[in-house]
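S.K.: Next comes target_38.cif, mmCIF, C-alpha atoms and all ligand atoms:
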```cif
data_my_file
#
loop_
_atom_site.group_PDB
_atom_site.id
_atom_site.type_symbol
_atom_site.label_atom_id
_atom_site.label_comp_id
_atom_site.auth_asym_id
_atom_site.auth_seq_id
_atom_site.Cartn_x
_atom_site.Cartn_y
_atom_site.Cartn_z
ATOM 1 C CA MET A 1 15.448 1.924 25.857
ATOM 2 C CA SER A 2 13.216 2.338 22.843
ATOM 3 C CA GLU A 3 14.742 2.817 19.387
ATOM 4 C CA LEU A 4 13.596 3.477 15.843
ATOM 5 C CA ILE A 5 13.735 0.231 13.838
ATOM 6 C CA PHE A 6 14.800 0.560 10.187
ATOM 7 C CA PHE A 7 14.094 -2.052 7.511
ATOM 8 C CA GLN A 8 15.611 -3.176 4.269
ATOM 9 C CA PRO A 9 13.077 -4.155 1.613
ATOM 10 C CA PHE A 10 12.295 -7.458 -0.031
ATOM 11 C CA PHE A 11 12.275 -7.014 -3.838
ATOM 12 C CA LYS A 12 9.984 -8.722 -6.313
ATOM 13 C CA GLN A 13 10.681 -9.051 -10.036
ATOM 14 C CA VAL A 14 7.590 -9.075 -12.243
ATOM 15 C CA LEU A 15 6.709 -8.737 -15.948
ATOM 16 C CA TRP A 16 5.506 -5.162 -15.503
ATOM 17 C CA GLY A 17 8.396 -4.041 -13.272
ATOM 18 C CA GLY A 18 11.075 -1.446 -13.961
ATOM 19 C CA HIS A 19 14.257 0.079 -12.527
ATOM 20 C CA LYS A 20 13.062 3.395 -11.063
ATOM 21 C CA MET A 21 13.683 2.264 -7.476
ATOM 22 C CA ARG A 22 17.426 2.085 -8.196
ATOM 23 C CA GLU A 23 17.485 5.601 -9.657
ATOM 24 C CA VAL A 24 15.130 7.264 -7.177
ATOM 25 C CA TYR A 25 16.092 5.527 -3.909
ATOM 26 C CA GLY A 26 19.430 3.849 -4.697
ATOM 27 C CA TYR A 27 17.963 0.443 -3.796
ATOM 28 C CA PRO A 28 20.084 -2.592 -4.758
ATOM 29 C CA ILE A 29 17.302 -4.005 -6.951
ATOM 30 C CA PRO A 30 17.876 -7.463 -8.447
ATOM 31 C CA GLY A 31 16.991 -6.547 -12.064
ATOM 32 C CA ASP A 32 15.395 -4.045 -14.440
ATOM 33 C CA ASP A 33 12.040 -5.764 -13.951
ATOM 34 C CA THR A 34 11.685 -4.940 -10.247
ATOM 35 C CA GLY A 35 8.050 -4.040 -9.685
ATOM 36 C CA GLU A 36 7.673 -4.243 -5.926
ATOM 37 C CA ALA A 37 9.693 -3.461 -2.825
ATOM 38 C CA TRP A 38 8.030 -4.820 0.304
ATOM 39 C CA VAL A 39 9.466 -2.142 2.528
ATOM 40 C CA ILE A 40 7.723 -2.981 5.809
ATOM 41 C CA SER A 41 6.532 -6.564 5.616
ATOM 42 C CA ALA A 42 6.059 -9.518 7.909
ATOM 43 C CA ASN A 43 4.292 -11.423 5.124
ATOM 44 C CA PRO A 44 5.663 -14.952 4.552
ATOM 45 C CA HIS A 45 5.866 -14.262 0.792
ATOM 46 C CA GLY A 46 8.411 -11.480 1.267
ATOM 47 C CA GLN A 47 9.855 -10.298 4.547
ATOM 48 C CA SER A 48 11.706 -7.119 5.326
ATOM 49 C CA LEU A 49 14.721 -7.399 7.617
ATOM 50 C CA VAL A 50 15.894 -4.991 10.291
ATOM 51 C CA ARG A 51 18.889 -2.886 9.246
ATOM 52 C CA GLY A 52 21.169 -1.930 12.170
ATOM 53 C CA GLY A 53 20.439 -1.485 15.867
ATOM 54 C CA THR A 54 19.530 -4.034 18.528
ATOM 55 C CA TYR A 55 17.516 -6.266 16.170
ATOM 56 C CA ASP A 56 19.862 -6.118 13.162
ATOM 57 C CA GLY A 57 19.147 -8.907 10.652
ATOM 58 C CA GLN A 58 15.926 -10.118 12.280
ATOM 59 C CA SER A 59 12.723 -10.097 10.280
ATOM 60 C CA LEU A 60 9.697 -8.027 11.213
ATOM 61 C CA LYS A 61 7.920 -11.357 11.670
ATOM 62 C CA ASP A 62 10.579 -12.382 14.239
ATOM 63 C CA LEU A 63 9.914 -9.162 16.136
ATOM 64 C CA TRP A 64 6.156 -9.689 15.955
ATOM 65 C CA ASP A 65 6.444 -13.323 17.110
ATOM 66 C CA HIS A 66 9.063 -12.869 19.846
ATOM 67 C CA HIS A 67 9.030 -9.206 20.926
ATOM 68 C CA ARG A 68 5.359 -8.384 21.155
ATOM 69 C CA GLU A 69 6.248 -5.695 23.720
ATOM 70 C CA LEU A 70 7.500 -3.585 20.781
ATOM 71 C CA PHE A 71 3.876 -3.517 19.608
ATOM 72 C CA GLY A 72 2.376 -2.759 23.011
ATOM 73 C CA GLY A 73 1.354 -6.400 23.491
ATOM 74 C CA MET A 74 -1.124 -6.066 20.645
ATOM 75 C CA GLU A 75 -3.041 -9.246 19.829
ATOM 76 C CA GLY A 76 -3.225 -11.127 16.543
ATOM 77 C CA LYS A 77 -1.500 -13.991 14.782
ATOM 78 C CA GLU A 78 -0.130 -11.846 11.950
ATOM 79 C CA PHE A 79 1.362 -8.367 11.880
ATOM 80 C CA PRO A 80 -1.619 -6.385 10.516
ATOM 81 C CA LEU A 81 -0.108 -4.053 7.902
ATOM 82 C CA LEU A 82 2.105 -4.277 4.839
ATOM 83 C CA VAL A 83 3.829 -1.371 3.074
ATOM 84 C CA LYS A 84 5.141 -1.589 -0.488
ATOM 85 C CA ILE A 85 6.631 0.660 -3.142
ATOM 86 C CA ILE A 86 5.425 -0.236 -6.616
ATOM 87 C CA ASP A 87 7.124 0.720 -9.893
ATOM 88 C CA ALA A 88 4.767 0.008 -12.805
ATOM 89 C CA ASN A 89 6.577 0.036 -16.120
ATOM 90 C CA ASP A 90 3.466 -1.449 -17.758
ATOM 91 C CA HIS A 91 -0.230 -1.793 -16.881
ATOM 92 C CA LEU A 92 -1.060 -4.153 -14.026
ATOM 93 C CA SER A 93 -4.099 -6.392 -14.397
ATOM 94 C CA ILE A 94 -7.499 -5.121 -13.221
ATOM 95 C CA GLN A 95 -8.131 -6.564 -9.767
ATOM 96 C CA VAL A 96 -10.408 -6.638 -6.789
ATOM 97 C CA HIS A 97 -9.886 -7.933 -3.242
ATOM 98 C CA PRO A 98 -12.431 -9.640 -0.982
ATOM 99 C CA ASP A 99 -13.334 -8.390 2.496
ATOM 100 C CA ASP A 100 -12.444 -10.333 5.662
ATOM 101 C CA GLU A 101 -15.740 -12.219 5.696
ATOM 102 C CA TYR A 102 -15.546 -13.472 2.091
ATOM 103 C CA ALA A 103 -11.843 -14.310 2.402
ATOM 104 C CA SER A 104 -12.355 -16.277 5.592
ATOM 105 C CA VAL A 105 -15.074 -18.416 3.957
ATOM 106 C CA HIS A 106 -13.585 -18.800 0.454
ATOM 107 C CA GLU A 107 -9.833 -18.457 1.023
ATOM 108 C CA GLY A 108 -9.296 -20.799 3.934
ATOM 109 C CA GLY A 109 -9.477 -18.253 6.712
ATOM 110 C CA SER A 110 -7.214 -15.591 5.203
ATOM 111 C CA GLN A 111 -7.752 -11.875 5.667
ATOM 112 C CA GLY A 112 -9.420 -9.617 3.162
ATOM 113 C CA LYS A 113 -7.558 -6.671 1.770
ATOM 114 C CA THR A 114 -8.179 -2.967 1.967
ATOM 115 C CA GLU A 115 -5.358 -0.821 0.655
ATOM 116 C CA CYS A 116 -4.425 2.734 -0.269
ATOM 117 C CA TRP A 117 -2.038 4.403 -2.690
ATOM 118 C CA TYR A 118 0.048 7.526 -2.389
ATOM 119 C CA ILE A 119 1.441 8.615 -5.778
ATOM 120 C CA LEU A 120 5.191 9.208 -5.350
ATOM 121 C CA ASP A 121 5.780 10.061 -8.995
ATOM 122 C CA CYS A 122 4.199 9.456 -12.385
ATOM 123 C CA GLU A 123 4.703 10.168 -16.061
ATOM 124 C CA GLU A 124 2.899 13.029 -17.808
ATOM 125 C CA GLY A 125 -0.624 11.858 -18.721
ATOM 126 C CA ALA A 126 -0.535 8.802 -16.421
ATOM 127 C CA ASP A 127 -3.825 7.424 -15.126
ATOM 128 C CA ILE A 128 -5.211 4.851 -12.749
ATOM 129 C CA ILE A 129 -8.339 2.696 -12.490
ATOM 130 C CA ILE A 130 -10.492 3.002 -9.368
ATOM 131 C CA GLY A 131 -14.077 1.705 -9.428
ATOM 132 C CA HIS A 132 -16.505 1.188 -12.301
ATOM 133 C CA HIS A 133 -19.510 2.823 -13.969
ATOM 134 C CA ALA A 134 -22.099 0.007 -13.780
ATOM 135 C CA ARG A 135 -25.270 1.103 -11.970
ATOM 136 C CA THR A 136 -26.605 -2.336 -11.090
ATOM 137 C CA ARG A 137 -25.159 -5.777 -10.525
ATOM 138 C CA LYS A 138 -26.929 -7.017 -13.674
ATOM 139 C CA GLU A 139 -25.317 -4.251 -15.731
ATOM 140 C CA LEU A 140 -21.950 -5.055 -14.156
ATOM 141 C CA GLU A 141 -22.227 -8.742 -15.072
ATOM 142 C CA GLU A 142 -23.346 -7.956 -18.636
ATOM 143 C CA MET A 143 -20.546 -5.476 -19.232
ATOM 144 C CA ILE A 144 -17.974 -7.958 -17.917
ATOM 145 C CA LYS A 145 -19.432 -10.784 -20.045
ATOM 146 C CA GLU A 146 -19.397 -8.622 -23.173
ATOM 147 C CA GLY A 147 -15.955 -7.217 -22.441
ATOM 148 C CA CYS A 148 -17.046 -3.547 -22.448
ATOM 149 C CA TRP A 149 -13.975 -2.617 -20.440
ATOM 150 C CA ASP A 150 -13.581 0.962 -21.716
ATOM 151 C CA ASP A 151 -17.142 1.819 -20.713
ATOM 152 C CA LEU A 152 -17.046 -0.137 -17.474
ATOM 153 C CA LEU A 153 -13.778 0.885 -15.839
ATOM 154 C CA ARG A 154 -13.462 4.233 -14.081
ATOM 155 C CA LYS A 155 -10.183 5.758 -15.253
ATOM 156 C CA LEU A 156 -8.758 8.829 -13.526
ATOM 157 C CA PRO A 157 -5.773 11.041 -14.360
ATOM 158 C CA ILE A 158 -3.114 11.050 -11.620
ATOM 159 C CA HIS A 159 -0.484 13.474 -10.362
ATOM 160 C CA LYS A 160 2.354 13.284 -7.873
ATOM 161 C CA GLY A 161 0.944 13.578 -4.340
ATOM 162 C CA ASP A 162 -2.499 12.132 -5.148
ATOM 163 C CA PHE A 163 -3.970 9.657 -2.676
ATOM 164 C CA PHE A 164 -6.503 6.882 -3.263
ATOM 165 C CA TYR A 165 -8.283 4.779 -0.658
ATOM 166 C CA ILE A 166 -9.284 1.354 -1.966
ATOM 167 C CA PRO A 167 -11.590 -0.551 0.392
ATOM 168 C CA SER A 168 -12.076 -4.262 -0.358
ATOM 169 C CA GLY A 169 -14.621 -4.698 -3.173
ATOM 170 C CA THR A 170 -13.211 -1.777 -5.197
ATOM 171 C CA VAL A 171 -12.057 -2.567 -8.754
ATOM 172 C CA HIS A 172 -8.568 -1.103 -9.213
ATOM 173 C CA ALA A 173 -5.432 -1.143 -11.313
ATOM 174 C CA ILE A 174 -2.107 0.626 -11.357
ATOM 175 C CA ARG A 175 -1.126 1.716 -14.853
ATOM 176 C CA LYS A 176 2.092 2.270 -16.760
ATOM 177 C CA GLY A 177 4.434 5.013 -15.602
ATOM 178 C CA THR A 178 3.434 5.103 -11.926
ATOM 179 C CA LEU A 179 5.607 4.950 -8.814
ATOM 180 C CA LEU A 180 3.542 4.670 -5.651
ATOM 181 C CA LEU A 181 3.560 3.819 -1.966
ATOM 182 C CA GLU A 182 0.967 1.268 -0.898
ATOM 183 C CA VAL A 183 -0.255 0.736 2.661
ATOM 184 C CA GLN A 184 -2.517 -2.279 3.029
ATOM 185 C CA GLN A 185 -3.840 -5.026 5.215
ATOM 186 C CA ASN A 186 -1.272 -7.807 5.372
ATOM 187 C CA SER A 187 -2.923 -10.098 2.819
ATOM 188 C CA ASP A 188 -2.221 -11.525 -0.607
ATOM 189 C CA THR A 189 -5.743 -12.432 -1.684
ATOM 190 C CA THR A 190 -6.349 -10.957 -5.138
ATOM 191 C CA TYR A 191 -8.953 -11.704 -7.798
ATOM 192 C CA ARG A 192 -7.956 -10.826 -11.351
ATOM 193 C CA LEU A 193 -10.860 -9.460 -13.395
ATOM 194 C CA TYR A 194 -9.183 -8.498 -16.663
ATOM 195 C CA ASP A 195 -5.641 -8.611 -18.026
ATOM 196 C CA TYR A 196 -5.969 -6.662 -21.320
ATOM 197 C CA GLY A 197 -5.972 -9.998 -23.191
ATOM 198 C CA ARG A 198 -2.207 -10.304 -22.641
ATOM 199 C CA LEU A 199 -0.274 -13.553 -22.820
ATOM 200 C CA GLN A 200 2.436 -14.776 -20.457
ATOM 201 C CA ASN A 201 4.555 -17.603 -21.902
ATOM 202 C CA GLY A 202 1.964 -17.914 -24.674
ATOM 203 C CA LYS A 203 -0.979 -18.246 -22.308
ATOM 204 C CA PRO A 204 -3.384 -15.780 -20.698
ATOM 205 C CA ARG A 205 -2.982 -15.447 -16.925
ATOM 206 C CA GLU A 206 -5.746 -16.956 -14.820
ATOM 207 C CA LEU A 207 -8.813 -14.788 -14.259
ATOM 208 C CA HIS A 208 -11.184 -15.053 -11.274
ATOM 209 C CA LEU A 209 -14.451 -13.822 -12.778
ATOM 210 C CA LYS A 210 -16.846 -15.606 -10.429
ATOM 211 C CA GLN A 211 -15.045 -14.446 -7.270
ATOM 212 C CA SER A 212 -14.622 -10.943 -8.714
ATOM 213 C CA MET A 213 -18.326 -10.612 -9.432
ATOM 214 C CA ASP A 214 -19.116 -11.931 -5.941
ATOM 215 C CA VAL A 215 -17.059 -9.251 -4.217
ATOM 216 C CA ILE A 216 -17.231 -6.124 -6.432
ATOM 217 C CA ALA A 217 -19.187 -3.358 -4.701
ATOM 218 C CA CYS A 218 -22.000 -2.110 -6.943
ATOM 219 C CA PRO A 219 -22.571 0.705 -7.665
ATOM 220 C CA HIS A 220 -19.081 2.073 -7.008
ATOM 221 C CA GLU A 221 -19.075 4.536 -4.118
ATOM 222 C CA GLY A 222 -15.870 6.480 -3.949
ATOM 223 C CA SER A 223 -15.108 9.281 -1.566
ATOM 224 C CA ASP A 224 -12.189 11.579 -0.904
ATOM 225 C CA THR A 225 -10.901 10.555 2.498
ATOM 226 C CA ARG A 226 -8.351 13.346 2.827
ATOM 227 C CA GLY A 227 -8.692 15.791 5.688
ATOM 228 C CA PRO A 228 -7.723 19.468 5.409
ATOM 229 C CA VAL A 229 -4.037 20.440 5.242
ATOM 230 C CA GLU A 230 -3.064 22.033 8.561
ATOM 231 C CA ASP A 231 -0.297 24.581 8.056
ATOM 232 C CA HIS A 232 1.893 24.847 11.167
ATOM 233 C CA GLY A 233 4.641 26.898 9.498
ATOM 234 C CA ALA A 234 7.520 24.516 10.210
ATOM 235 C CA TYR A 235 5.465 21.664 8.756
ATOM 236 C CA GLU A 236 2.130 20.789 7.177
ATOM 237 C CA PHE A 237 -0.007 17.924 8.424
ATOM 238 C CA CYS A 238 -2.822 16.078 6.705
ATOM 239 C CA THR A 239 -4.801 12.913 7.443
ATOM 240 C CA LEU A 240 -4.984 10.937 4.196
ATOM 241 C CA VAL A 241 -7.392 8.336 5.538
ATOM 242 C CA GLU A 242 -8.761 7.164 8.840
ATOM 243 C CA GLY A 243 -10.098 3.816 7.712
ATOM 244 C CA GLN A 244 -11.368 0.674 9.370
ATOM 245 C CA TYR A 245 -7.960 -1.025 9.388
ATOM 246 C CA PHE A 246 -5.410 1.772 9.233
ATOM 247 C CA THR A 247 -4.899 5.503 9.501
ATOM 248 C CA VAL A 248 -2.393 7.167 7.181
ATOM 249 C CA THR A 249 -1.098 10.714 7.637
ATOM 250 C CA ARG A 250 1.259 12.945 5.683
ATOM 251 C CA TRP A 251 3.808 15.196 7.370
ATOM 252 C CA ASN A 252 5.346 17.703 4.997
ATOM 253 C CA VAL A 253 8.312 18.811 7.113
ATOM 254 C CA LYS A 254 9.730 22.164 6.021
ATOM 255 C CA THR A 255 12.142 22.708 8.929
ATOM 256 C CA ASP A 256 10.975 20.543 11.836
ATOM 257 C CA ALA A 257 8.036 18.722 13.395
ATOM 258 C CA ALA A 258 7.206 16.684 16.496
ATOM 259 C CA VAL A 259 5.593 13.427 15.408
ATOM 260 C CA SER A 260 3.862 11.732 18.330
ATOM 261 C CA GLN A 261 3.859 7.977 18.602
ATOM 262 C CA ASP A 262 1.084 6.931 21.034
ATOM 263 C CA TYR A 263 -0.063 3.863 19.087
ATOM 264 C CA PRO A 264 0.854 0.177 19.399
ATOM 265 C CA PHE A 265 3.357 0.974 16.614
ATOM 266 C CA LEU A 266 3.887 3.716 14.033
ATOM 267 C CA LEU A 267 5.269 3.044 10.551
ATOM 268 C CA ILE A 268 7.111 5.902 8.854
ATOM 269 C CA ASP A 269 8.051 6.075 5.171
ATOM 270 C CA VAL A 270 10.299 8.884 3.976
ATOM 271 C CA ALA A 271 8.569 9.657 0.674
ATOM 272 C CA SER A 272 10.876 12.457 -0.465
ATOM 273 C CA GLY A 273 13.633 14.764 0.763
ATOM 274 C CA SER A 274 15.988 14.152 3.665
ATOM 275 C CA GLY A 275 16.674 15.146 7.246
ATOM 276 C CA THR A 276 16.930 13.503 10.656
ATOM 277 C CA LEU A 277 14.603 11.640 12.990
ATOM 278 C CA ASP A 278 15.784 12.063 16.589
ATOM 279 C CA GLY A 279 19.206 12.876 15.169
ATOM 280 C CA ILE A 280 19.403 9.817 12.870
ATOM 281 C CA PRO A 281 19.944 10.812 9.217
ATOM 282 C CA VAL A 282 17.129 9.662 6.908
ATOM 283 C CA LYS A 283 16.375 10.109 3.229
ATOM 284 C CA ALA A 284 13.730 9.264 0.638
ATOM 285 C CA GLY A 285 13.253 5.503 0.483
ATOM 286 C CA ASP A 286 13.926 4.863 4.200
ATOM 287 C CA HIS A 287 11.243 2.963 6.113
ATOM 288 C CA LEU A 288 11.035 2.438 9.832
ATOM 289 C CA LEU A 289 8.904 1.474 12.788
ATOM 290 C CA ALA A 290 8.618 3.421 16.030
ATOM 291 C CA PRO A 291 7.664 0.916 18.739
ATOM 292 C CA ALA A 292 5.005 1.219 21.459
ATOM 293 C CA GLY A 293 5.748 3.828 24.087
ATOM 294 C CA TYR A 294 8.327 5.613 21.962
ATOM 295 C CA GLY A 295 6.775 9.024 22.548
ATOM 296 C CA VAL A 296 7.589 12.028 20.381
ATOM 297 C CA ILE A 297 9.855 11.734 17.344
ATOM 298 C CA ARG A 298 11.665 14.946 16.465
ATOM 299 C CA ALA A 299 11.842 15.351 12.667
ATOM 300 C CA GLU A 300 14.211 17.949 11.227
ATOM 301 C CA GLY A 301 15.013 18.761 7.611
ATOM 302 C CA ALA A 302 12.985 19.152 4.446
ATOM 303 C CA MET A 303 11.142 15.918 3.811
ATOM 304 C CA GLU A 304 7.814 14.309 3.337
ATOM 305 C CA LEU A 305 6.848 11.555 5.789
ATOM 306 C CA ILE A 306 3.961 9.129 5.380
ATOM 307 C CA ALA A 307 3.019 7.696 8.776
ATOM 308 C CA SER A 308 0.655 4.752 9.284
ATOM 309 C CA HIS A 309 -0.837 3.066 12.313
ATOM 310 C CA ILE A 310 -3.780 0.814 12.998
ATOM 311 C CA THR A 311 -7.031 2.634 13.631
ATOM 312 C CA GLU A 312 -8.187 2.407 17.234
ATOM 313 C CA LYS A 313 -11.655 0.999 17.632
ATOM 314 C CA HIS A 314 -13.942 3.601 19.143
HETATM 315 ZN ZN ZN B 401 -4.782 -4.407 -4.921
#
```
Would it be possible to restate this file's structure as structure tokens?
M.R.:
Amino acid sequence: MSELIFFQPFFKQVLWGGHKMREVYGYPIPGDDTGEAWVISANPHGQSLVRGGTYDGQSLKDLWDHHRELFGGMEGKEFPLLVKIIDANDHLSIQVHPDDEYASVHEGGSQGKTECWYILDCEEGADIIIGHHARTRKELEEMIKEGCWDDLLRKLPIHKGDFFYIPSGTVHAIRKGTLLLEVQQNSDTTYRLYDYGRLQNGKPRELHLKQSMDVIACPHEGSDTRGPVEDHGAYEFCTLVEGQYFTVTRWNVKTDAAVSQDYPFLLIDVASGSGTLDGIPVKAGDHLLAPAGYGVIRAEGAMELIASHITEKH
């Protein structure tokens, strides 16, 4: 008998972290510098554990390693996705991630990283960095060398409900006053391009200029990946991205919706509101996995669900 599998997050304290996750979701965060909650993670650097049910206390990695039937017998050494909530109480460094090919050659066979961000909440006037303004690789290298960061970096204002798709090779940074949900390839490979000249314990943090310049896509080509909002009365549905590695959709449930699970697995994040999923009470900050063959999930209440699955190869 198939069941919905709920997780408790792994928390990470960082210099730029805050305490919003306690106030907004009631999470038992370890300190007022909690920047990340790895809410659905099988990554060795921070694993989420099953809360309740048949697999209570086991890690997602345990399930992936020993119960592959829950994932429809899908292949692969590592669970492919990672979901985080990020609370930025200060600017994060400007970063870029390699693609699979570069990472496998230069990072000892690890995966690249494509990610996406759904803005859960942000302060008035908050912004984000996605991409850059250099037209050629030569211009990019010169601007980096000369430190023309204000001219180089593409800064955008953000609002609650915005969505950004960040394929590998895209320069990006989360900035102060942002609470977001991140869905990404399960990888930790990050190159730091610029850290605002800040010091940590009296020293600047390591930068990876050579690797960054190798992998930054030039010129920046951004596109809005969002599909149209389909209004079904009882709920609204929208595809946020159908990317190479994952597909992310948003279900804005007003009274009820039938969410179909015909994928190897479906990850669901309750982004706001509350209600029930097949009769189980859920609220903002809950994260779960519907296993292979689960079928239709009946959602009732007033809540916003972000659902992610791997993209089938056509
Ligand atoms: Zn990133």
S.K.: CA of Glu115 (chain A) and CA of Asp286 (chain A) are how many Å apart?
M.R.: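 It comes out at 20.4 Å.
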S.K.: Using the chain letters and numbering of this document, enumerate as a list in words the residues selected by the PyMOL selection byres (((not hetatm)) within 7 of (chain B and resi 401)).
M.R.: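 Applying the expression gives Gln95, Val96, His97, Glu115, His172 and Thr190 of chain A.
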S.K.: When you look at Leu179 (chain A) with a cut-off of 10 Å (counting only C-alpha atoms), what residues show up, excluding the ones that are within fewer than 4 positions of it in the same chain? I need them as a PyMOL selection string.
M.R.: chain A and resi 18+20-21+24+35-36+85-89+117-123+160+174-175
S.K.: With a distance cut-off of 9 Å and only C-alpha atoms, select the neighbouring residues of region 255-265 of chain A, excluding the residue or stretch itself and same-chain residues fewer than 6 positions from it, and output the selection as a PDB file with C-alpha atoms, keeping the file's coordinate frame.
M.R.:
```pdb
ATOM      1  CA  LEU A  70       7.500  -3.585  20.781  1.00  0.00           C
ATOM      2  CA  PHE A  71       3.876  -3.517  19.608  1.00  0.00           C
ATOM      3  CA  GLY A  72       2.376  -2.759  23.011  1.00  0.00           C
ATOM      4  CA  GLY A  73       1.354  -6.400  23.491  1.00  0.00           C
ATOM      5  CA  MET A  74      -1.124  -6.066  20.645  1.00  0.00           C
ATOM      6  CA  HIS A 232       1.893  24.847  11.167  1.00  0.00           C
ATOM      7  CA  GLY A 233       4.641  26.898   9.498  1.00  0.00           C
ATOM      8  CA  ALA A 234       7.520  24.516  10.210  1.00  0.00           C
ATOM      9  CA  TYR A 235       5.465  21.664   8.756  1.00  0.00           C
ATOM     10  CA  GLU A 236       2.130  20.789   7.177  1.00  0.00           C
ATOM     11  CA  GLY A 275      16.674  15.146   7.246  1.00  0.00           C
ATOM     12  CA  LEU A 289       8.904   1.474  12.788  1.00  0.00           C
ATOM     13  CA  ALA A 290       8.618   3.421  16.030  1.00  0.00           C
ATOM     14  CA  PRO A 291       7.664   0.916  18.739  1.00  0.00           C
ATOM     15  CA  ALA A 292       5.005   1.219  21.459  1.00  0.00           C
ATOM     16  CA  GLY A 293       5.748   3.828  24.087  1.00  0.00           C
ATOM     17  CA  TYR A 294       8.327   5.613  21.962  1.00  0.00           C
ATOM     18  CA  GLY A 295       6.775   9.024  22.548  1.00  0.00           C
ATOM     19  CA  VAL A 296       7.589  12.028  20.381  1.00  0.00           C
ATOM     20  CA  ILE A 297       9.855  11.734  17.344  1.00  0.00           C
ATOM     21  CA  ARG A 298      11.665  14.946  16.465  1.00  0.00           C
ATOM     22  CA  ALA A 299      11.842  15.351  12.667  1.00  0.00           C
ATOM     23  CA  GLU A 300      14.211  17.949  11.227  1.00  0.00           C
ATOM     24  CA  GLY A 301      15.013  18.761   7.611  1.00  0.00           C
ATOM     25  CA  ALA A 302      12.985  19.152   4.446  1.00  0.00           C
ATOM     26  CA  MET A 303      11.142  15.918   3.811  1.00  0.00           C
ATOM     27  CA  SER A 308       0.655   4.752   9.284  1.00  0.00           C
ATOM     28  CA  HIS A 309      -0.837   3.066  12.313  1.00  0.00           C
ATOM     29  CA  ILE A 310      -3.780   0.814  12.998  1.00  0.00           C
ATOM     30  CA  THR A 311      -7.031   2.634  13.631  1.00  0.00           C
ATOM     31  CA  GLU A 312      -8.187   2.407  17.234  1.00  0.00           C
TER      32      GLU A 312
END
```
S.K.: Spell out the residues picked by the PyMOL selection byres (((chain A and resi 137) around 12) and not hetatm) here, as a compact mmCIF listing (two decimals) with C-alpha atoms, in the coordinates of the input.
M.R.:
```
# COMPACT_ATOMS: atom_id res chain seq x y z
CA HIS A 132 -16.50 1.19 -12.30
CA HIS A 133 -19.51 2.82 -13.97
CA ALA A 134 -22.10 0.01 -13.78
CA ARG A 135 -25.27 1.10 -11.97
CA THR A 136 -26.60 -2.34 -11.09
CA LYS A 138 -26.93 -7.02 -13.67
CA GLU A 139 -25.32 -4.25 -15.73
CA LEU A 140 -21.95 -5.06 -14.16
CA GLU A 141 -22.23 -8.74 -15.07
CA GLU A 142 -23.35 -7.96 -18.64
CA MET A 143 -20.55 -5.48 -19.23
CA ILE A 144 -17.97 -7.96 -17.92
CA SER A 212 -14.62 -10.94 -8.71
CA MET A 213 -18.33 -10.61 -9.43
CA ASP A 214 -19.12 -11.93 -5.94
CA VAL A 215 -17.06 -9.25 -4.22
CA ILE A 216 -17.23 -6.12 -6.43
CA ALA A 217 -19.19 -3.36 -4.70
CA CYS A 218 -22.00 -2.11 -6.94
CA PRO A 219 -22.57 0.70 -7.66
CA HIS A 220 -19.08 2.07 -7.01
```
S.K.: Can you work out which one of A:Pro157, A:Gly76, A:Pro204, A:Pro167 has the shortest atom-to-atom distance to Lys113 (chain A), counting only C-alpha atoms?
M.R.: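 Checking each candidate against Lys113 (chain A), we get A:Pro167 as the closest.
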S.K.: Taking the file above as input, evaluate the PyMOL selection byres (((chain A and resi 242) around 10) and not hetatm) and report the hits as a count of residues only.
M.R.: 19
S.K.: Which of these, A:Phe10, A:Phe163, A:Tyr55, A:Trp149, has the shortest distance to Gly197 (chain A) once you count only C-alpha atoms?
M.R.: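 Closest residue, counting only C-alpha atoms: A:Trp149.
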S.K.: So, with all atoms listed in the file as the atoms that count, which of A:Gly109, A:Gly52, A:Pro98, A:Pro80 lies closest to Trp64 (chain A)?
M.R.: A:Pro80
S.K.: Find the distance between CA of Glu206 (chain A) and CA of Asn186 (chain A) and write it in Å to one decimal.
M.R.: 22.6 Å
S.K.: Could you tell me how far CA of Gly46 (chain A) lies from CA of Ile166 (chain A), in Å and to one decimal?
M.R.: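 For CA of Gly46 (chain A) relative to CA of Ile166 (chain A), the distance reads 22.1 Å.
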S.K.: Identify, on the basis of all atoms listed in the file, every residue whose closest approach to His106 (chain A) does not exceed 12 Å; exclude the query and any residue fewer than 2 positions from it along the same chain; express the result as a list in words.
M.R.: Pro98, Asp99, Asp100, Glu101, Tyr102, Ala103, Ser104, Gly108, Gly109, Ser110, Gln111, Gly112, Thr189, Tyr191, Lys210, Gln211, Asp214 and Val215 of chain A
S.K.: Which residues come within 9 Å of Val83 (chain A), counting only C-alpha atoms, excluding same-chain residues fewer than 6 positions away, as a list in words?
M.R.: Ala37, Trp38, Val39, Ile40, Ser41, Leu181, Glu182, Val183, Gln184, Gln185, Asn186, Leu267 and Asp269 of chain A
S.K.: Return as AutoDock Vina command-line options the box centre and box size in Å, one decimal, for an axis-aligned box around all listed atoms of region 54-66 of chain A padded by 3 Å per side.
M.R.:
```
--center_x 13.0 --center_y -8.7 --center_z 15.1 --size_x 19.7 --size_y 15.3 --size_z 15.6
```
S.K.: Which polymer residues have any atom within 10 Å of an atom of Arg205 (chain A), counting all atoms listed in the file, with same-chain residues fewer than 6 positions away left out, as a CSV table (one decimal) with C-alpha atoms, keeping the file's coordinate frame?
M.R.:
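The resulting selection.csv:
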```
chain,number,residue,atom,x,y,z
A,93,SER,CA,-4.1,-6.4,-14.4
A,192,ARG,CA,-8.0,-10.8,-11.4
A,194,TYR,CA,-9.2,-8.5,-16.7
A,195,ASP,CA,-5.6,-8.6,-18.0
A,197,GLY,CA,-6.0,-10.0,-23.2
A,198,ARG,CA,-2.2,-10.3,-22.6
A,199,LEU,CA,-0.3,-13.6,-22.8
```
